[in-house]
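Q: What follows is a single structure, and I will ask about it in a moment.
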Amino acid sequence: MAASDASNVASFRNAFGGVLSFFILILIGVLAFSIRLFSVIKYESVIHEFDPYFNYRVTQYLVKSGIYDFWNWFDDRTWYPLGRVIGGTVYPGLTLTAGTLWKILNSLNIPLSVETVCVFTAPIFSAFASWATYLLTKEVKGTGAGLTAAVLLAMVPSYISRSVAGSYDNEAVAIFALIFTFYLYIKTLNTGSLFYATLNAIAYFYMVCSWGGYTFIINLIPMHVLLCIITGRYSSRLYIAYAPLVVLGTLLASLVPVVGFNAVMTSEHFASFLVFIIIHVVALVYYIKGILSPKMFKVAVTLVVSVGLAICCAMIAVLIAVVASSPTKGWSGRSLSLLDPTYASKYIPIIASVSEHQPPTWPSYFMDINVLAFLVPAGIIACFSPLSDASSFVVLYIVTSVYFSGVMVRLMLVLAPAACIMSGIALSQALDVFTRSIKFQLPNLLGLSPSIDEGDASSDNAVAPNDVVKTDKSEDTTKERVSRKSKKKEKEQVEKPVSKSQVKKRLLVLPLEASVIAIFLLILLAAFYVVHSVWAAAEAYSAPSIVLTSRSHDGLHVFDDFREAYAWLRHNTEVDDKVASWWDYGYQTTAMANRTVIVDNNTWNNTHIATVGTAMSSPEKAAWEIFQSLDVKYVLVVFGGLVGYPSDDINKFLWMVRIGGGVFPHIKEPDYLRDGQYRIDSMATPTMLNCLMYKLSYYRFVETDGKGFDKVRHTEIGKKYFKLTHFEEVFTTHHWMVRIYKLKPPRNRIRGKVKKSKSKSSTKTVSKRRGTRRNPF
Amino acid sequence: MARSTSKDAQDLFRALWSAYSATPTNLKIIDLYVMFAVFTALIQVVYMALVGSFPFNSFLSGVLSCVGTAVLAVCLRIQVNKENKEFKDLAPERAFADFVLCNLVLHLVIMNFLG
């Protein structure tokens with residue numbers, strides 16, 4: 001726009017590019033939405049897995065009873081006999097979003113069921129997330145990088161795994177909120193506008209509403225502010241971006257019931273307050289520096305700064321004293337297990353037992369972010385030339401999220417957007433260089449070979465071998481390249497008249513053949529990424545885990561046992577019957593069978609879960625007593641031995657033993673292991689063969705094939721013929737995956753002599769006392 | 001040593017005062033406003049220390065209201081200050097509108113939180 005004669009053409013091209021990128025963005029949104037529909041097409045429109053069922057149930061309640069009843073909802077269907085206050089213990093963002101969506105659609109006379117809205121919430125928000133990524137990356141490195149990053153995010157497998165249609169979980173909306181909050185922070189930082197600062201606080205509020213991961217934001221942004229201050233990049237824009245966010249954000253966060261006063265009381269948030277104080281001191285110093293002469297400022301430094309430091313030290317001392325006075329140093333268990341990866345496995349088996357809390361393996365990185373893993377370093381290098389406030393934030397984001405994803409496989413999800421942004425930057429920079437050098441050489445095929453700047457060349461070398469992906473549908477690719485080309489043209493036209501030498505310095509011209517080959521390789525690897533993502537979306541991450549399929553030589557098998565069992569419970573049991581199962585199936589039982597459960601996936605009461613674990617690992621009689629004391633009518637176990645379903649209760653059993661033994665020491669893990677090995681064949685320990693879980697799983701199992709061969713453990717079971725005395729089998733599903741037992745009522749007559757009964761009753765009192773110890777309720 | 005520092009300090013304060021008195025009046029008004037807000041926050045903190053923080057949300061909203069007001073006013077001051085070259089193309093009216101909006105959000109939240 002500097003060149004006056006070219007300005008008309010340039011502005012026209014600019015408008016053209018704007019329209020083009022708008023349409024590309026719409027296409028990206030469609031792509032992000034439709035790639036997540038595999039699960040609906042291949043299976044059906046159902047809610048997936050475990051937690052989504054709870055969210056679905058909450059949404060139903062919200063839609064039916066309204067927002068005020070929702071806040072005051074005390075749920076007596078779960079954690080019997082304790083119950084759970086849902087309104088105060090749930091992150092309401094997702095539920096409110098879907099509820100609002102449903103209300104809007106219904107008021108427009110589009111009669112969708114709540115379930116449909118819930119199923120499609122995640123794909124819709126992944127489209128929003130890719131647009132937010134575009135905005136964020138555009139703030140960092142311009143439109144081209146933004147579009148590339150948005151495409152990458154739309155189909156990154158890690159994010160797909162959490163947001164396929166039907167996976168109605170907090171992360172579905174939280175990733176959008178996360179990226180959008182970061183975008184608004186960067187935007188505020190770049191513009192220094194209070195308006196964006198307000199929006200930023202509101203976006204942060206939405207994030208706090210939707211996911212516990214908001215602590216990542218409230219720690220990452222202070223870290224970035226601190227980094228800026230330490231590297232001498234403090235500006236008043238930084239102050240405007242940060243200070244209002246802390247005040248408004250803290251207030252807004254404490255409005256969410258589940259966070260409440262934690263927003264000012266726990267250590268997760270203290271970093272932000274500390275940096276809040278520091279930025280004020282720094283702002284004051286800069287202000288005084290501005291109005292004083294340098295000589296006087298030197299004097300002032302000795303006074304003002306030392307006084308300020310003293311105040312800071314006092315503040316820190318107070319904070320540390322407050323923090324140290326609380327038992328866990330103010331950190332919640334999940335955060336502590338982030339800082340110290342070994343913490344959970346040492347102290348909280350219930351956190352360690354969840355598979356998504358385990359550290360990831362190397363292949364899972366390749367599975368989840370694929371070629372992006374190799375592009376990230378190139379992107380980091382690109383961010384350092386030139387380093388701005390925004391790009392330093394992105395670098396900090398990727399570094400921290402790499403660490404967190406290394407601790408917990410679930411947090412791979414936080415890494416994915418960062419990796420996409422970085423790879424988007426790397427790709428677009430690489431393509432920029434290659435297409436520019438082609439364009440520069442095409443018209444005059446003579447070897448002009450402009451001087452290549454040393455430093456830039458080296459960084460370029462680093463970029464060139466690494467750049468891998470151009471991901472897109474082919475049409476997107478061409479369009480995008482066109483837009484970038486047109487943009488580049490105008491850039492050149494702007495730059496050329498400015499100064500010839502500068503242009504030469506900026507243009508790193510590579511040999512024509514090399515750049516053609518490089519672009520070809522980029523597109524090839526992009527295609528590889530696309531193929532992998534589509535495969536991941538279609539095959540790996542679309543299974544609802546409620547309905548299972550297996551492909552064998554005689555065709556496709558569908559296992560719909562879970563819904564069969566829950567439907568049986570719903571139709572054949574009393575409304576107030578209590579069903580005991582391991583906590584994994586709690587949400588599903590309440591949502592699908594509408595029966596009261598003892599424990600569920602919201603693992604807030606370790607003792608209660610340990611009680612159930614103890615019951616499962618006790619012999620039949622003791623287990624019966626425990627269940628009787630909990631008023632349990634039915635026991636549900638999941639058994640995969642007949643069809644080879646690996647994540648059944650026998651495989652989870654050691655965790656039950658561990659969690660149970662953590663609270664009730666008479667359950668000892670070594671009793672269930674033979675020479676440190678977990679086995680269920682004839683070598684298994686008698687404790688193992690007599691525990692309730694074994695019996696309920698393998699009762700009558702030998703009748704199926706005559707041998708009792710377990711297809712998951714690949715052995716014949718140890719004890720084949722046995723009878724149940726205190727439980728009776730009432731229902732077993734078609735493939736034996738879910739087995740439901742009923743507790744037999746207590747005998748109303750004790751057989752035998754009076755003496756015997758006396759001795760029995762005395763032992764009974766003993767065991768009863770132990771029983772009360774076991775069951776505090 | 002002590003005498004020289006005190007003399008330096010006197011020089012410093014004089015220099016500060018002279019530098020500060022050159023600032024425009026509207027900025028001085030904002031400064032006064034900020035001082036007032038911070039002072040109110042301090043009073044509340046002292047009151048909390050003396051009496052106790054029982055309705056904690058009330059205390060929190062009171063203090064954060066004052067701190068928030070002060071912070072927003074500082075932001076406004078940064079934006080309307082003519083010496084800040086970064087905000088040259090930001091009209092003071094726009095800055096003030098942003099300030100009002102932000103304050104509105106802040107105090108709506110506080111009223112909600114006050115309980």
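Starting from 1 in every chain, residues are counted up; chains themselves are A, B, ... following the order of the structure tokens, and ligands are numbered from 1 as listed.
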Leaving out Thr69 of chain B and any residue of its chain fewer than 5 positions from it, which residues lie within 8 Å of it when counting only C-alpha atoms, given as a PyMOL selection string?

A: chain B and resi 34+37+103

Q: Show me which bits of chain B are within 7 Å of chain A, counting only C-alpha atoms, as a list in words.

A: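 Matching residues, ligands excluded from the count: Asp8, Leu12, Leu16, Ala19, Leu64, Gly68, Val71, Leu72, Cys75, Ile78, Asp98, Phe99, Cys102, Leu106, Val109 and Phe113 of chain B.
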
Q: I want to know what sits within 10 Å of Met683 of chain A, based on only C-alpha atoms, with residues of the same chain fewer than 5 positions away left out; could you give that as a PyMOL selection string?

A: chain A and resi 673-674+677-678+689+717-719

Q: Once you have the residues from the selection above, write them out as an mmCIF file, in the first residue's frame, restricted to all heavy atoms.

A:
data_model
loop_
_atom_site.group_PDB
_atom_site.id
_atom_site.type_symbol
_atom_site.label_atom_id
_atom_site.label_comp_id
_atom_site.auth_asym_id
_atom_site.auth_seq_id
_atom_site.Cartn_x
_atom_site.Cartn_y
_atom_site.Cartn_z
ATOM 1 N N LEU A 673 -1.793 -62.626 43.642
ATOM 2 C CA LEU A 673 -0.765 -62.835 42.629
ATOM 3 C C LEU A 673 0.022 -64.096 42.951
ATOM 4 O O LEU A 673 0.361 -64.365 44.105
ATOM 5 C CB LEU A 673 0.205 -61.641 42.597
ATOM 6 C CG LEU A 673 -0.423 -60.274 42.347
ATOM 7 C CD1 LEU A 673 0.612 -59.201 42.510
ATOM 8 C CD2 LEU A 673 -1.017 -60.216 40.962
ATOM 9 N N ARG A 674 0.292 -64.876 41.940
ATOM 10 C CA ARG A 674 1.167 -66.036 42.123
ATOM 11 C C ARG A 674 2.542 -65.643 41.598
ATOM 12 O O ARG A 674 2.691 -65.404 40.402
ATOM 13 C CB ARG A 674 0.600 -67.229 41.354
ATOM 14 C CG ARG A 674 1.502 -68.434 41.311
ATOM 15 C CD ARG A 674 1.485 -69.210 42.599
ATOM 16 N NE ARG A 674 0.203 -69.884 42.808
ATOM 17 C CZ ARG A 674 -0.119 -70.475 43.968
ATOM 18 N NH1 ARG A 674 0.724 -70.444 44.981
ATOM 19 N NH2 ARG A 674 -1.285 -71.055 44.109
ATOM 20 N N GLN A 677 2.700 -62.704 39.480
ATOM 21 C CA GLN A 677 1.993 -62.729 38.205
ATOM 22 C C GLN A 677 0.500 -62.809 38.445
ATOM 23 O O GLN A 677 0.044 -63.546 39.317
ATOM 24 C CB GLN A 677 2.447 -63.941 37.388
ATOM 25 C CG GLN A 677 3.607 -63.620 36.478
ATOM 26 C CD GLN A 677 3.894 -64.792 35.586
ATOM 27 O OE1 GLN A 677 3.814 -65.946 35.989
ATOM 28 N NE2 GLN A 677 4.238 -64.493 34.343
ATOM 29 N N TYR A 678 -0.217 -62.073 37.637
ATOM 30 C CA TYR A 678 -1.663 -62.076 37.749
ATOM 31 C C TYR A 678 -2.199 -63.156 36.835
ATOM 32 O O TYR A 678 -2.011 -63.093 35.631
ATOM 33 C CB TYR A 678 -2.196 -60.704 37.349
ATOM 34 C CG TYR A 678 -3.686 -60.596 37.393
ATOM 35 C CD1 TYR A 678 -4.369 -60.823 38.580
ATOM 36 C CD2 TYR A 678 -4.411 -60.264 36.265
ATOM 37 C CE1 TYR A 678 -5.739 -60.730 38.621
ATOM 38 C CE2 TYR A 678 -5.774 -60.154 36.303
ATOM 39 C CZ TYR A 678 -6.439 -60.396 37.485
ATOM 40 O OH TYR A 678 -7.800 -60.296 37.534
ATOM 41 N N LEU A 689 -9.179 -67.353 43.316
ATOM 42 C CA LEU A 689 -10.222 -68.226 42.793
ATOM 43 C C LEU A 689 -11.506 -68.168 43.617
ATOM 44 O O LEU A 689 -12.549 -68.588 43.151
ATOM 45 C CB LEU A 689 -9.710 -69.668 42.746
ATOM 46 C CG LEU A 689 -8.588 -69.904 41.747
ATOM 47 C CD1 LEU A 689 -8.150 -71.351 41.767
ATOM 48 C CD2 LEU A 689 -9.028 -69.532 40.344
ATOM 49 N N ILE A 717 -9.639 -71.516 32.572
ATOM 50 C CA ILE A 717 -9.775 -70.938 33.899
ATOM 51 C C ILE A 717 -9.453 -71.985 34.956
ATOM 52 O O ILE A 717 -9.520 -73.192 34.722
ATOM 53 C CB ILE A 717 -11.190 -70.372 34.114
ATOM 54 C CG1 ILE A 717 -12.249 -71.459 33.913
ATOM 55 C CG2 ILE A 717 -11.430 -69.232 33.179
ATOM 56 C CD1 ILE A 717 -13.626 -70.996 34.289
ATOM 57 N N GLY A 718 -9.107 -71.507 36.154
ATOM 58 C CA GLY A 718 -8.601 -72.404 37.187
ATOM 59 C C GLY A 718 -9.677 -73.226 37.848
ATOM 60 O O GLY A 718 -9.510 -74.428 38.071
ATOM 61 N N LYS A 719 -10.791 -72.629 38.166
ATOM 62 C CA LYS A 719 -11.824 -73.340 38.906
ATOM 63 C C LYS A 719 -13.073 -73.318 38.040
ATOM 64 O O LYS A 719 -13.597 -72.255 37.726
ATOM 65 C CB LYS A 719 -12.060 -72.607 40.219
ATOM 66 C CG LYS A 719 -12.769 -73.400 41.279
ATOM 67 C CD LYS A 719 -12.690 -72.596 42.567
ATOM 68 C CE LYS A 719 -13.756 -72.975 43.540
ATOM 69 N NZ LYS A 719 -13.792 -72.069 44.688
#

Q: What does the distance between atom CA of Ala32 of chain A and atom CA of Ala154 of chain A come to in Å, to one decimal place?

A: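 Atom-to-atom, atom CA of Ala32 of chain A and atom CA of Ala154 of chain A are spaced 4.5 Å apart.
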
Q: How far is it from atom CA of Lys64 of chain A to atom CA of Ala98 of chain A, in Å with one decimal?

A: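 Computed distance, atom CA of Lys64 of chain A to atom CA of Ala98 of chain A, equals 13.0 Å.
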